[in-house]
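Right, one structure below, let's go through it.
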Amino acid sequence: MSKIVIEVGKQMDGATFRLSPKTRVFLSSRVKNLPPPSSVFVSREIPSDIEQYYVLGDHLAMILTGLGENDLKKLGGFEFVTPVDGKVVFESTPAR
Amino acid sequence: MARSCSSRPPPDKEDLSNRSNLYVGRAGQLAVMGEFLLRGWNVALPEVDVGDDVFVVKDEGGDLFRIQVKTATSKPSGKSYTAQFAIGLSQLKTLRTPDLTYVFAVRHGSNWGPYLIIARDALRQEHELYRVGGASKEQLILRLAYEHGRVRSGKRDLNAFRNDWSRWPVLRDRGKAVKPT
């Protein structure tokens with residue numbers, strides 16, 4: 001498993017974020033107290049491109065996994081993917 | 001003026017089969033809507049069908065659920081029976097808020113079999129992690145077997161989703177007179 005995959009669904013009034021099924025299985029074997037399956041919806045009053053959510057990436061990954069910034073980096077970081085076409089819309093900066 | 005129907009050819013077998021499917025599909029949708037109503041939840045139909053079959057709404061607070069009803073007619077298989085459903089893979093992978101829930105309704109003889117009620121994400125997980133259903137031409141073909149009061153797909157037991165109305169508990173003051181299935 002290379003990176004944590006967070007799936008994105010964009011709609012007119014915001015976007016929904018959720019761990020991919022395979023990431024969830026991967027994390028459940030390695031992370032104690034993994035939060036129960038859930039999604040996060042970020043509301044936007046003005047329609048926005050999905051890339052505009054980049055600034056929230058770290059926060060969303062932490063909410064969905066329950067992990068801190070360092071733990072996320074140790075696991076290889078994360079990427080945001082649109083599940084229908086598998087396109088990576090943005091990803092965390094690699095650890096230095 | 002007398003009407004003439006001579007220009008319209010008689011329906012062939014395929015036409016009749018398609019028409020029959022439409023009737024069964026609609027009957028399944030209405031049966032599922034009836035179950036929600038009996039539980040005290042309001043229902044609405046989109047004027048234009050672009051994916052969602054039914055909106056389910058809690059009158060107080062306006063909580064909204066999106067429901068996709070899939071209907072099939074049973075085929076006997078020994079002492080049990082099977083039913084086959086097709087789901088768009090694109091729809092199965094599309095993440096939205098509120099998320100979609102599938103209700104699989106099977107017409108068995110003169111009754112409805114148990115409903116299989118499964119959230120989109122859970123069905124996708126069953127498909128991707130446990131190989132439930134097979135992908136063909138952008139569709140997930142789901143073959144369900146109903147036997148001894150249980151539901152499975154292949155070897156995978158799906159009984160946890162059988163008549164799982166837990167997200168829509170019976171609301172007080174409504175649906176009191178009749179016990180839903």
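Ordered as shown in the structure tokens, chains take letters A, B, and onward, while each chain numbers its residues from 1 and ligands are numbered from 1 in the order shown.
Near stretch 68-78 of chain B, within 6 Å and counting only C-alpha atoms, sit Gly25, Gly28, Gln29, Asp52, Asp53, Tyr81, Thr82, Ala83, Tyr102, Val103, Phe104, Ala105, Val106, Arg107 and His108 of chain B; same-chain residues fewer than 3 positions away were not included.
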Output file for the selection above: C-alpha atoms, as a compact mmCIF listing (two decimals), in the first residue's frame:
```
# COMPACT_ATOMS: atom_id res chain seq x y z
CA GLY B 25 -39.88 -2.29 -11.54
CA GLY B 28 -41.11 -2.75 -6.56
CA GLN B 29 -40.54 0.96 -6.19
CA ASP B 52 -32.49 8.50 -7.60
CA ASP B 53 -35.75 6.58 -7.44
CA TYR B 81 -34.61 -19.00 -5.45
CA THR B 82 -32.32 -16.48 -7.04
CA ALA B 83 -32.65 -12.99 -8.50
CA TYR B 102 -29.88 0.58 -2.54
CA VAL B 103 -32.99 -1.45 -1.81
CA PHE B 104 -33.16 -4.74 -3.72
CA ALA B 105 -36.70 -6.03 -4.04
CA VAL B 106 -37.47 -9.49 -5.39
CA ARG B 107 -40.88 -10.60 -6.53
CA HIS B 108 -41.26 -14.24 -5.57
```
Exercise. Find the residues of chain B in contact range of chain A, meaning any atom within 6 Å when counting only C-alpha atoms, and list them as a PyMOL selection string.
Key: chain B and resi 90+93+95-96+125
Self-check item: Test item, strand (DSSP E or B) assignment across chain A, answer as a ChimeraX atom specification
Solution: /A:4-11,14-19,39-43,78-82,87-91
For the residues selected in the previous step, produce a file with C-alpha atoms as a short mmCIF file (atom, residue, chain, number, x, y, z; two decimals), in the first residue's frame.
```
data_model
loop_
_atom_site.label_atom_id
_atom_site.label_comp_id
_atom_site.auth_asym_id
_atom_site.auth_seq_id
_atom_site.Cartn_x
_atom_site.Cartn_y
_atom_site.Cartn_z
CA ILE A 4 -3.65 6.59 2.11
CA VAL A 5 -6.39 7.14 -0.47
CA ILE A 6 -9.13 9.60 0.33
CA GLU A 7 -11.97 9.60 -2.15
CA VAL A 8 -13.66 12.82 -3.20
CA GLY A 9 -17.14 13.46 -4.49
CA LYS A 10 -17.78 16.96 -5.73
CA GLN A 11 -21.22 18.48 -5.93
CA GLY A 14 -19.44 21.34 -1.63
CA ALA A 15 -17.50 18.11 -1.59
CA THR A 16 -17.61 14.81 0.30
CA PHE A 17 -14.47 13.02 1.50
CA ARG A 18 -14.14 9.41 2.62
CA LEU A 19 -11.41 6.80 2.98
CA SER A 39 -17.43 10.85 5.57
CA VAL A 40 -16.79 14.56 5.84
CA PHE A 41 -18.80 17.05 3.83
CA VAL A 42 -17.30 20.50 3.31
CA SER A 43 -19.92 23.01 2.29
CA PHE A 78 -2.15 10.61 1.37
CA GLU A 79 -3.79 11.42 -1.92
CA PHE A 80 -7.24 12.60 -2.90
CA VAL A 81 -8.81 10.63 -5.72
CA THR A 82 -12.07 10.83 -7.66
CA LYS A 87 -7.83 10.58 -11.04
CA VAL A 88 -5.55 11.98 -8.32
CA VAL A 89 -6.78 15.53 -7.70
CA PHE A 90 -4.17 16.45 -5.12
CA GLU A 91 -1.75 14.77 -2.75
#
```
Compile a residue-level contact table for stretch 71-120 of chain B against stretch 129-134 of chain B at a cut-off of 10 Å, reporting for every qualifying residue the shortest atom pair and its distance in Å to one decimal, with only C-alpha atoms counted, rows ordered by chain and ascending number, as a tab-separated table.
```
residue	atom	partner	partner_atom	distance
B:Gln84	CA	B:Gly133	CA	9.7
B:Phe85	CA	B:Gly133	CA	9.4
B:Ala86	CA	B:Gly133	CA	9.3
B:Ile87	CA	B:Gly133	CA	9.8
```
Restricting the output to C-alpha atoms, write the selected residues as a PDB file, in the first residue's frame.
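File produced: out_25.pdb:
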```
ATOM      1  CA  GLN B  84     -30.309 -10.934 -10.639  1.00  0.00           C
ATOM      2  CA  PHE B  85     -29.833  -7.162 -10.473  1.00  0.00           C
ATOM      3  CA  ALA B  86     -27.727  -4.688 -12.462  1.00  0.00           C
ATOM      4  CA  ILE B  87     -26.184  -1.586 -10.887  1.00  0.00           C
TER       5      ILE B  87
END
```
Quiz prompt | Shell of 7 Å around A:Leu75, only C-alpha atoms, local chain residues under 3 positions omitted, as JSON, numbers by chain | solution = {"A": [3, 71, 72]}
